[in-house]
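The next block is data17.txt, given as compact mmCIF, N, CA and C atoms.
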```txt
# COMPACT_ATOMS: atom_id res chain seq x y z
N MET A 1 2.47 10.12 -5.48
CA MET A 1 3.32 8.94 -5.31
C MET A 1 4.07 9.00 -3.99
N GLY A 2 4.31 10.19 -3.49
CA GLY A 2 5.01 10.32 -2.23
C GLY A 2 4.30 9.60 -1.10
N GLU A 3 2.97 9.74 -1.04
CA GLU A 3 2.18 9.06 -0.01
C GLU A 3 2.34 7.55 -0.13
N PHE A 4 2.27 7.04 -1.35
CA PHE A 4 2.39 5.59 -1.56
C PHE A 4 3.76 5.10 -1.11
N LYS A 5 4.82 5.81 -1.53
CA LYS A 5 6.17 5.40 -1.15
C LYS A 5 6.37 5.47 0.36
N ASN A 6 5.85 6.53 0.99
CA ASN A 6 5.98 6.65 2.43
C ASN A 6 5.26 5.52 3.14
N ARG A 7 4.06 5.19 2.69
CA ARG A 7 3.30 4.11 3.31
C ARG A 7 4.00 2.77 3.08
N ALA A 8 4.54 2.57 1.87
CA ALA A 8 5.26 1.33 1.58
C ALA A 8 6.48 1.20 2.49
N LYS A 9 7.22 2.29 2.67
CA LYS A 9 8.38 2.26 3.56
C LYS A 9 7.94 1.96 4.99
N HIS A 10 6.80 2.51 5.38
CA HIS A 10 6.27 2.24 6.72
C HIS A 10 6.02 0.75 6.91
N TRP A 11 5.39 0.11 5.92
CA TRP A 11 5.09 -1.32 6.05
C TRP A 11 6.37 -2.13 6.10
N ILE A 12 7.34 -1.77 5.28
CA ILE A 12 8.61 -2.51 5.30
C ILE A 12 9.28 -2.37 6.67
N SER A 13 9.27 -1.16 7.23
CA SER A 13 9.88 -0.99 8.55
C SER A 13 9.10 -1.77 9.61
N GLN A 14 7.77 -1.82 9.48
CA GLN A 14 6.97 -2.62 10.40
C GLN A 14 7.38 -4.09 10.31
N LEU A 15 7.56 -4.57 9.09
CA LEU A 15 7.94 -5.97 8.90
C LEU A 15 9.32 -6.24 9.49
N ASP A 16 10.25 -5.29 9.31
CA ASP A 16 11.59 -5.46 9.84
C ASP A 16 11.58 -5.53 11.37
N GLN A 17 10.66 -4.79 12.00
CA GLN A 17 10.61 -4.74 13.46
C GLN A 17 9.96 -5.97 14.07
N LEU A 18 9.16 -6.67 13.31
CA LEU A 18 8.46 -7.84 13.86
C LEU A 18 9.41 -9.03 13.93
N SER A 19 9.51 -9.60 15.09
CA SER A 19 10.26 -10.85 15.19
C SER A 19 9.28 -11.98 14.94
N LEU A 20 9.63 -12.89 14.09
CA LEU A 20 8.72 -13.95 13.70
C LEU A 20 8.72 -15.04 14.76
N LYS A 21 8.04 -14.76 15.88
CA LYS A 21 8.12 -15.68 17.01
C LYS A 21 6.81 -16.33 17.41
N GLY A 22 5.73 -16.08 16.69
CA GLY A 22 4.50 -16.72 17.11
C GLY A 22 3.35 -16.38 16.20
N GLY A 23 2.19 -16.94 16.52
CA GLY A 23 1.01 -16.78 15.70
C GLY A 23 0.58 -15.34 15.52
N SER A 24 0.61 -14.54 16.61
CA SER A 24 0.15 -13.17 16.47
C SER A 24 1.09 -12.37 15.58
N ASP A 25 2.40 -12.66 15.67
CA ASP A 25 3.34 -11.98 14.79
C ASP A 25 3.13 -12.40 13.35
N LEU A 26 2.80 -13.67 13.13
CA LEU A 26 2.51 -14.13 11.78
C LEU A 26 1.32 -13.36 11.21
N ALA A 27 0.30 -13.19 12.02
CA ALA A 27 -0.87 -12.42 11.57
C ALA A 27 -0.47 -10.99 11.23
N ASN A 28 0.41 -10.40 12.04
CA ASN A 28 0.87 -9.03 11.79
C ASN A 28 1.64 -8.94 10.48
N VAL A 29 2.51 -9.91 10.24
CA VAL A 29 3.30 -9.91 9.01
C VAL A 29 2.39 -10.01 7.80
N PHE A 30 1.46 -10.96 7.83
CA PHE A 30 0.57 -11.13 6.69
C PHE A 30 -0.36 -9.93 6.52
N GLN A 31 -0.78 -9.33 7.62
CA GLN A 31 -1.63 -8.14 7.55
C GLN A 31 -0.86 -6.98 6.91
N ALA A 32 0.39 -6.80 7.31
CA ALA A 32 1.21 -5.73 6.74
C ALA A 32 1.45 -5.96 5.26
N LEU A 33 1.78 -7.19 4.89
CA LEU A 33 2.01 -7.49 3.48
C LEU A 33 0.74 -7.32 2.66
N GLN A 34 -0.38 -7.74 3.21
CA GLN A 34 -1.66 -7.59 2.50
C GLN A 34 -1.95 -6.11 2.25
N SER A 35 -1.73 -5.28 3.25
CA SER A 35 -1.98 -3.85 3.07
C SER A 35 -1.02 -3.24 2.06
N ALA A 36 0.25 -3.66 2.12
CA ALA A 36 1.23 -3.15 1.16
C ALA A 36 0.85 -3.54 -0.26
N MET A 37 0.42 -4.80 -0.45
CA MET A 37 0.01 -5.24 -1.79
C MET A 37 -1.27 -4.53 -2.23
N ASP A 38 -2.19 -4.30 -1.30
CA ASP A 38 -3.40 -3.55 -1.63
C ASP A 38 -3.06 -2.14 -2.10
N GLY A 39 -2.11 -1.51 -1.41
CA GLY A 39 -1.70 -0.16 -1.78
C GLY A 39 -1.04 -0.12 -3.15
N ALA A 40 -0.18 -1.09 -3.42
CA ALA A 40 0.48 -1.14 -4.73
C ALA A 40 -0.54 -1.39 -5.83
N TRP A 41 -1.49 -2.30 -5.57
CA TRP A 41 -2.54 -2.57 -6.55
C TRP A 41 -3.38 -1.32 -6.80
N MET A 42 -3.73 -0.62 -5.73
CA MET A 42 -4.54 0.59 -5.86
C MET A 42 -3.77 1.67 -6.63
N GLN A 43 -2.46 1.78 -6.37
CA GLN A 43 -1.66 2.78 -7.08
C GLN A 43 -1.54 2.41 -8.55
N GLN A 44 -1.40 1.13 -8.88
CA GLN A 44 -1.37 0.71 -10.29
C GLN A 44 -2.68 1.07 -10.98
N LYS A 45 -3.77 0.90 -10.27
CA LYS A 45 -5.08 1.26 -10.80
C LYS A 45 -5.14 2.77 -11.09
N ALA A 46 -4.59 3.57 -10.18
CA ALA A 46 -4.57 5.02 -10.37
C ALA A 46 -3.72 5.39 -11.59
N HIS A 47 -2.55 4.77 -11.71
CA HIS A 47 -1.69 5.07 -12.87
C HIS A 47 -2.39 4.71 -14.18
N ALA A 48 -3.04 3.56 -14.22
CA ALA A 48 -3.75 3.14 -15.44
C ALA A 48 -4.84 4.14 -15.80
N GLN A 49 -5.57 4.58 -14.79
CA GLN A 49 -6.63 5.57 -15.01
C GLN A 49 -6.04 6.89 -15.48
N ASN A 50 -4.95 7.32 -14.88
CA ASN A 50 -4.31 8.58 -15.26
C ASN A 50 -3.78 8.52 -16.69
N ILE A 51 -3.13 7.41 -17.03
CA ILE A 51 -2.57 7.26 -18.38
C ILE A 51 -3.69 7.23 -19.42
N ALA A 52 -4.79 6.56 -19.10
CA ALA A 52 -5.91 6.50 -20.03
C ALA A 52 -6.54 7.87 -20.28
N ASN A 53 -6.39 8.78 -19.32
CA ASN A 53 -7.01 10.10 -19.43
C ASN A 53 -6.00 11.22 -19.67
N VAL A 54 -4.82 10.86 -20.18
CA VAL A 54 -3.76 11.85 -20.37
C VAL A 54 -4.19 13.01 -21.27
N ASP A 55 -5.08 12.77 -22.23
CA ASP A 55 -5.52 13.83 -23.14
C ASP A 55 -6.93 14.33 -22.85
N THR A 56 -7.52 13.93 -21.74
CA THR A 56 -8.88 14.36 -21.40
C THR A 56 -8.84 15.76 -20.79
N PRO A 57 -9.49 16.74 -21.43
CA PRO A 57 -9.49 18.11 -20.88
C PRO A 57 -10.10 18.15 -19.48
N GLY A 58 -9.42 18.85 -18.58
CA GLY A 58 -9.92 19.04 -17.23
C GLY A 58 -9.73 17.86 -16.28
N TYR A 59 -9.17 16.76 -16.78
CA TYR A 59 -8.98 15.59 -15.93
C TYR A 59 -7.90 15.86 -14.89
N LYS A 60 -8.15 15.46 -13.66
CA LYS A 60 -7.16 15.57 -12.59
C LYS A 60 -6.69 14.16 -12.22
N ARG A 61 -5.38 14.02 -12.08
CA ARG A 61 -4.80 12.71 -11.78
C ARG A 61 -5.20 12.23 -10.39
N PHE A 62 -5.14 10.91 -10.23
CA PHE A 62 -5.45 10.28 -8.95
C PHE A 62 -4.22 9.56 -8.43
N GLN A 63 -4.18 9.38 -7.11
CA GLN A 63 -3.13 8.58 -6.49
C GLN A 63 -3.74 7.83 -5.31
N ALA A 64 -3.09 6.74 -4.92
CA ALA A 64 -3.55 5.96 -3.78
C ALA A 64 -3.08 6.63 -2.50
N VAL A 65 -3.99 6.76 -1.55
CA VAL A 65 -3.64 7.32 -0.23
C VAL A 65 -4.14 6.35 0.83
N PHE A 66 -3.42 6.31 1.92
CA PHE A 66 -3.77 5.42 3.02
C PHE A 66 -4.53 6.22 4.06
N LEU A 67 -5.73 5.76 4.39
CA LEU A 67 -6.55 6.42 5.40
C LEU A 67 -6.48 5.60 6.68
N GLU A 68 -5.91 6.20 7.71
CA GLU A 68 -5.75 5.50 8.99
C GLU A 68 -7.09 5.41 9.70
N ALA A 69 -7.32 4.29 10.33
CA ALA A 69 -8.52 4.10 11.14
C ALA A 69 -8.12 4.17 12.61
N GLN A 70 -9.08 4.29 13.47
CA GLN A 70 -8.80 4.32 14.90
C GLN A 70 -8.19 2.99 15.33
N GLN A 71 -7.02 3.04 15.91
CA GLN A 71 -6.34 1.81 16.34
C GLN A 71 -7.14 1.07 17.40
N ASP A 72 -7.78 1.79 18.32
CA ASP A 72 -8.51 1.14 19.40
C ASP A 72 -9.61 0.22 18.90
N ALA A 73 -10.15 0.52 17.74
CA ALA A 73 -11.23 -0.30 17.21
C ALA A 73 -10.75 -1.69 16.82
N PHE A 74 -9.43 -1.85 16.67
CA PHE A 74 -8.90 -3.12 16.20
C PHE A 74 -8.14 -3.90 17.27
N VAL A 75 -8.03 -3.34 18.47
CA VAL A 75 -7.30 -4.02 19.53
C VAL A 75 -8.29 -4.36 20.64
N GLY A 76 -8.38 -5.63 20.97
CA GLY A 76 -9.31 -6.07 22.01
C GLY A 76 -8.90 -5.56 23.38
N LYS A 77 -9.88 -5.27 24.21
CA LYS A 77 -9.64 -4.83 25.58
C LYS A 77 -9.55 -6.06 26.48
N VAL A 78 -8.74 -5.96 27.53
CA VAL A 78 -8.63 -7.06 28.48
C VAL A 78 -8.91 -6.54 29.88
N SER A 79 -9.48 -7.40 30.71
CA SER A 79 -9.79 -7.02 32.09
C SER A 79 -8.76 -7.56 33.07
N ASP A 80 -7.89 -8.42 32.58
CA ASP A 80 -6.86 -9.03 33.42
C ASP A 80 -5.58 -9.11 32.60
N PRO A 81 -4.43 -8.75 33.20
CA PRO A 81 -3.17 -8.77 32.43
C PRO A 81 -2.80 -10.15 31.89
N ARG A 82 -3.39 -11.20 32.44
CA ARG A 82 -3.09 -12.55 31.97
C ARG A 82 -3.91 -12.94 30.74
N HIS A 83 -4.91 -12.14 30.41
CA HIS A 83 -5.74 -12.43 29.24
C HIS A 83 -4.95 -12.15 27.97
N VAL A 84 -5.30 -12.87 26.93
CA VAL A 84 -4.66 -12.68 25.63
C VAL A 84 -5.40 -11.58 24.88
N ARG A 85 -4.65 -10.59 24.46
CA ARG A 85 -5.24 -9.47 23.72
C ARG A 85 -5.42 -9.90 22.26
N ILE A 86 -6.60 -9.63 21.71
CA ILE A 86 -6.83 -9.94 20.30
C ILE A 86 -6.56 -8.71 19.46
N GLY A 87 -6.35 -8.91 18.20
CA GLY A 87 -6.09 -7.79 17.30
C GLY A 87 -4.61 -7.51 17.20
N SER A 88 -4.29 -6.37 16.65
CA SER A 88 -2.90 -6.02 16.38
C SER A 88 -2.56 -4.69 17.03
N GLU A 89 -1.55 -4.69 17.87
CA GLU A 89 -1.09 -3.45 18.46
C GLU A 89 0.09 -2.88 17.67
N HIS A 90 0.64 -3.67 16.77
CA HIS A 90 1.88 -3.29 16.10
C HIS A 90 1.67 -2.58 14.77
N ILE A 91 0.58 -2.85 14.11
CA ILE A 91 0.42 -2.39 12.74
C ILE A 91 -0.76 -1.46 12.63
N SER A 92 -0.56 -0.33 11.97
CA SER A 92 -1.64 0.62 11.76
C SER A 92 -2.75 -0.01 10.94
N GLN A 93 -3.97 0.31 11.28
CA GLN A 93 -5.12 -0.18 10.54
C GLN A 93 -5.60 0.94 9.62
N GLY A 94 -6.23 0.57 8.56
CA GLY A 94 -6.78 1.57 7.65
C GLY A 94 -7.02 0.95 6.30
N SER A 95 -7.24 1.80 5.33
CA SER A 95 -7.52 1.30 3.99
C SER A 95 -6.95 2.26 2.95
N TRP A 96 -6.74 1.74 1.78
CA TRP A 96 -6.25 2.52 0.65
C TRP A 96 -7.44 3.01 -0.16
N GLN A 97 -7.37 4.25 -0.62
CA GLN A 97 -8.40 4.80 -1.49
C GLN A 97 -7.74 5.69 -2.54
N LEU A 98 -8.43 5.84 -3.67
CA LEU A 98 -7.94 6.77 -4.69
C LEU A 98 -8.39 8.17 -4.32
N GLN A 99 -7.47 9.11 -4.49
CA GLN A 99 -7.77 10.50 -4.17
C GLN A 99 -7.27 11.38 -5.31
N GLU A 100 -8.07 12.36 -5.67
CA GLU A 100 -7.71 13.29 -6.74
C GLU A 100 -6.57 14.19 -6.28
N VAL A 101 -5.61 14.40 -7.17
CA VAL A 101 -4.47 15.27 -6.89
C VAL A 101 -4.76 16.64 -7.50
N LYS A 102 -4.82 17.66 -6.67
CA LYS A 102 -5.23 18.98 -7.16
C LYS A 102 -4.10 20.01 -7.17
N ASN A 103 -3.07 19.83 -6.37
CA ASN A 103 -2.04 20.86 -6.22
C ASN A 103 -0.87 20.66 -7.17
N THR A 104 -1.15 20.49 -8.46
CA THR A 104 -0.07 20.27 -9.42
C THR A 104 -0.24 21.20 -10.61
N THR A 105 0.79 21.27 -11.42
CA THR A 105 0.76 22.09 -12.62
C THR A 105 -0.19 21.50 -13.64
N GLU A 106 -0.99 22.35 -14.23
CA GLU A 106 -1.95 21.90 -15.25
C GLU A 106 -1.49 22.35 -16.63
N THR A 107 -1.95 21.61 -17.63
CA THR A 107 -1.71 22.02 -19.01
C THR A 107 -2.77 23.04 -19.38
N VAL A 108 -2.71 23.54 -20.60
CA VAL A 108 -3.67 24.56 -21.05
C VAL A 108 -5.12 24.06 -20.99
N ASN A 109 -5.32 22.77 -21.16
CA ASN A 109 -6.69 22.25 -21.14
C ASN A 109 -7.15 21.84 -19.74
N GLY A 110 -6.36 22.16 -18.70
CA GLY A 110 -6.76 21.88 -17.33
C GLY A 110 -6.40 20.49 -16.82
N ASN A 111 -5.73 19.70 -17.65
CA ASN A 111 -5.32 18.35 -17.28
C ASN A 111 -3.99 18.43 -16.52
N ASN A 112 -3.81 17.64 -15.48
CA ASN A 112 -2.56 17.68 -14.72
C ASN A 112 -1.77 16.37 -14.77
N VAL A 113 -2.01 15.54 -15.79
CA VAL A 113 -1.31 14.27 -15.93
C VAL A 113 -0.02 14.47 -16.74
N ASP A 114 1.10 14.06 -16.16
CA ASP A 114 2.39 14.08 -16.84
C ASP A 114 2.70 12.63 -17.21
N ILE A 115 2.62 12.31 -18.50
CA ILE A 115 2.73 10.92 -18.95
C ILE A 115 4.07 10.29 -18.56
N GLU A 116 5.16 11.07 -18.63
CA GLU A 116 6.47 10.52 -18.26
C GLU A 116 6.51 10.16 -16.78
N GLN A 117 5.96 11.03 -15.95
CA GLN A 117 5.90 10.77 -14.51
C GLN A 117 5.05 9.53 -14.22
N GLU A 118 3.90 9.43 -14.88
CA GLU A 118 3.01 8.29 -14.66
C GLU A 118 3.68 6.98 -15.05
N MET A 119 4.33 6.96 -16.19
CA MET A 119 4.99 5.73 -16.66
C MET A 119 6.13 5.32 -15.72
N SER A 120 6.90 6.30 -15.27
CA SER A 120 7.99 6.02 -14.34
C SER A 120 7.47 5.49 -13.01
N GLU A 121 6.45 6.15 -12.47
CA GLU A 121 5.88 5.72 -11.20
C GLU A 121 5.17 4.37 -11.32
N LEU A 122 4.57 4.11 -12.47
CA LEU A 122 3.93 2.82 -12.70
C LEU A 122 4.97 1.70 -12.64
N ALA A 123 6.12 1.92 -13.26
CA ALA A 123 7.19 0.91 -13.21
C ALA A 123 7.66 0.69 -11.78
N ASP A 124 7.84 1.78 -11.01
CA ASP A 124 8.23 1.66 -9.60
C ASP A 124 7.20 0.88 -8.80
N THR A 125 5.94 1.18 -9.04
CA THR A 125 4.86 0.52 -8.31
C THR A 125 4.80 -0.97 -8.64
N GLN A 126 5.00 -1.31 -9.91
CA GLN A 126 4.99 -2.72 -10.30
C GLN A 126 6.14 -3.47 -9.63
N LEU A 127 7.31 -2.84 -9.56
CA LEU A 127 8.44 -3.47 -8.89
C LEU A 127 8.16 -3.66 -7.40
N ALA A 128 7.55 -2.65 -6.78
CA ALA A 128 7.20 -2.76 -5.36
C ALA A 128 6.22 -3.91 -5.13
N TYR A 129 5.22 -4.01 -5.99
CA TYR A 129 4.22 -5.08 -5.86
C TYR A 129 4.87 -6.45 -5.98
N GLN A 130 5.77 -6.59 -6.94
CA GLN A 130 6.48 -7.86 -7.10
C GLN A 130 7.35 -8.17 -5.88
N ALA A 131 7.96 -7.13 -5.30
CA ALA A 131 8.77 -7.33 -4.10
C ALA A 131 7.91 -7.80 -2.93
N TYR A 132 6.72 -7.23 -2.79
CA TYR A 132 5.81 -7.65 -1.71
C TYR A 132 5.39 -9.10 -1.89
N ILE A 133 5.11 -9.49 -3.10
CA ILE A 133 4.71 -10.88 -3.36
C ILE A 133 5.87 -11.83 -3.05
N THR A 134 7.08 -11.45 -3.45
CA THR A 134 8.26 -12.27 -3.14
C THR A 134 8.45 -12.39 -1.64
N LEU A 135 8.33 -11.28 -0.92
CA LEU A 135 8.47 -11.30 0.53
C LEU A 135 7.38 -12.16 1.18
N PHE A 136 6.16 -12.03 0.70
CA PHE A 136 5.05 -12.84 1.20
C PHE A 136 5.35 -14.32 1.03
N ASN A 137 5.82 -14.70 -0.15
CA ASN A 137 6.15 -16.11 -0.41
C ASN A 137 7.29 -16.60 0.47
N GLN A 138 8.28 -15.74 0.73
CA GLN A 138 9.40 -16.13 1.59
C GLN A 138 8.94 -16.35 3.03
N VAL A 139 8.09 -15.45 3.53
CA VAL A 139 7.57 -15.59 4.89
C VAL A 139 6.72 -16.86 4.99
N LEU A 140 5.87 -17.08 4.01
CA LEU A 140 5.02 -18.27 4.00
C LEU A 140 5.88 -19.54 3.96
N SER A 141 6.91 -19.54 3.16
CA SER A 141 7.81 -20.69 3.07
C SER A 141 8.51 -20.94 4.41
N ARG A 142 8.92 -19.87 5.07
CA ARG A 142 9.59 -19.99 6.37
C ARG A 142 8.65 -20.64 7.39
N TYR A 143 7.40 -20.20 7.39
CA TYR A 143 6.45 -20.77 8.35
C TYR A 143 6.07 -22.20 8.01
N ARG A 144 6.03 -22.53 6.75
CA ARG A 144 5.78 -23.92 6.37
C ARG A 144 6.91 -24.82 6.87
N THR A 145 8.14 -24.34 6.72
CA THR A 145 9.30 -25.10 7.18
C THR A 145 9.24 -25.28 8.69
N ILE A 146 8.91 -24.23 9.42
CA ILE A 146 8.80 -24.31 10.87
C ILE A 146 7.70 -25.28 11.27
N ALA A 147 6.56 -25.20 10.59
CA ALA A 147 5.43 -26.08 10.91
C ALA A 147 5.78 -27.55 10.66
N ARG A 148 6.49 -27.80 9.58
CA ARG A 148 6.87 -29.19 9.25
C ARG A 148 7.90 -29.75 10.23
N SER A 149 8.75 -28.87 10.75
CA SER A 149 9.80 -29.34 11.66
C SER A 149 9.28 -29.55 13.07
N GLY A 150 8.07 -29.08 13.35
CA GLY A 150 7.46 -29.29 14.66
C GLY A 150 7.93 -28.33 15.73
N ARG A 151 8.49 -27.21 15.36
CA ARG A 151 8.94 -26.23 16.35
C ARG A 151 7.82 -25.36 16.82
```
If you took the structure in this file and wrote it as structure tokens, what would it be?
Amino acid sequence: MGEFKNRAKHWISQLDQLSLKGGSDLANVFQALQSAMDGAWMQQKAHAQNIANVDTPGYKRFQAVFLEAQQDAFVGKVSDPRHVRIGSEHISQGSWQLQEVKNTTETVNGNNVDIEQEMSELADTQLAYQAYITLFNQVLSRYRTIARSGR
């Protein structure tokens, strides 16, 4: 869960740093929110899988981890400083994946799922997901208002 919380905090700080001043920033905001929601969804999936296997002998718990991709692959190159750069220079690129957690205490049957921890983290993850959706809707509403006002 530490990886998920750290990545979620990273996205929130990225959003806080972006000034909502144009189309490219809008793309960055939506990209960050999409990744944050993807991570929360992936972590909920991990918790559900872990809870379902709480009594399975030898089962190892899973968690969502963010795998960073090469930033250069997502930022367009320019030959003239006046050219518009495509892509995002502000937000890390990558994807969320489930990864087995191996460095934890196991029960006698080799299972490392702690049901209390899973339930607590699941509740935290659900709250985070709801917060991302609320933030997404607020940003979208702000841009709709700006678009309607002709600014």
Atomic separation - atom C of A:Thr125 relative to atom C of A:Val139, Å: 21.0 Å
Of the listed residues A:Asn50, A:Glu106, A:Arg144, A:Gln99, that which approaches A:Ala64 most closely, counting all atoms listed in the file: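 Residue with the minimum atom-to-atom distance to A:Ala64: A:Gln99.
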Separation of atom CA of A:Arg61 from atom N of A:Thr134, in Å and rounded to one decimal: 28.2 Å
Top pick for closest residue to A:Met37, considering A:Asn103, A:Thr145, A:Gln130, A:Gln138 and counting only N, CA and C atoms: A:Gln130
Pick from A:Gln43, A:Thr107, A:Gln31, A:Gln97 nearest to A:Gly58, counting only N, CA and C atoms: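 Of A:Gln43, A:Thr107, A:Gln31, A:Gln97, the one nearest A:Gly58 is A:Thr107, counting only N, CA and C atoms.
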Between atom CA of A:Asn112 and atom CA of A:Asp124, distance in Å (one decimal): 20.0 Å
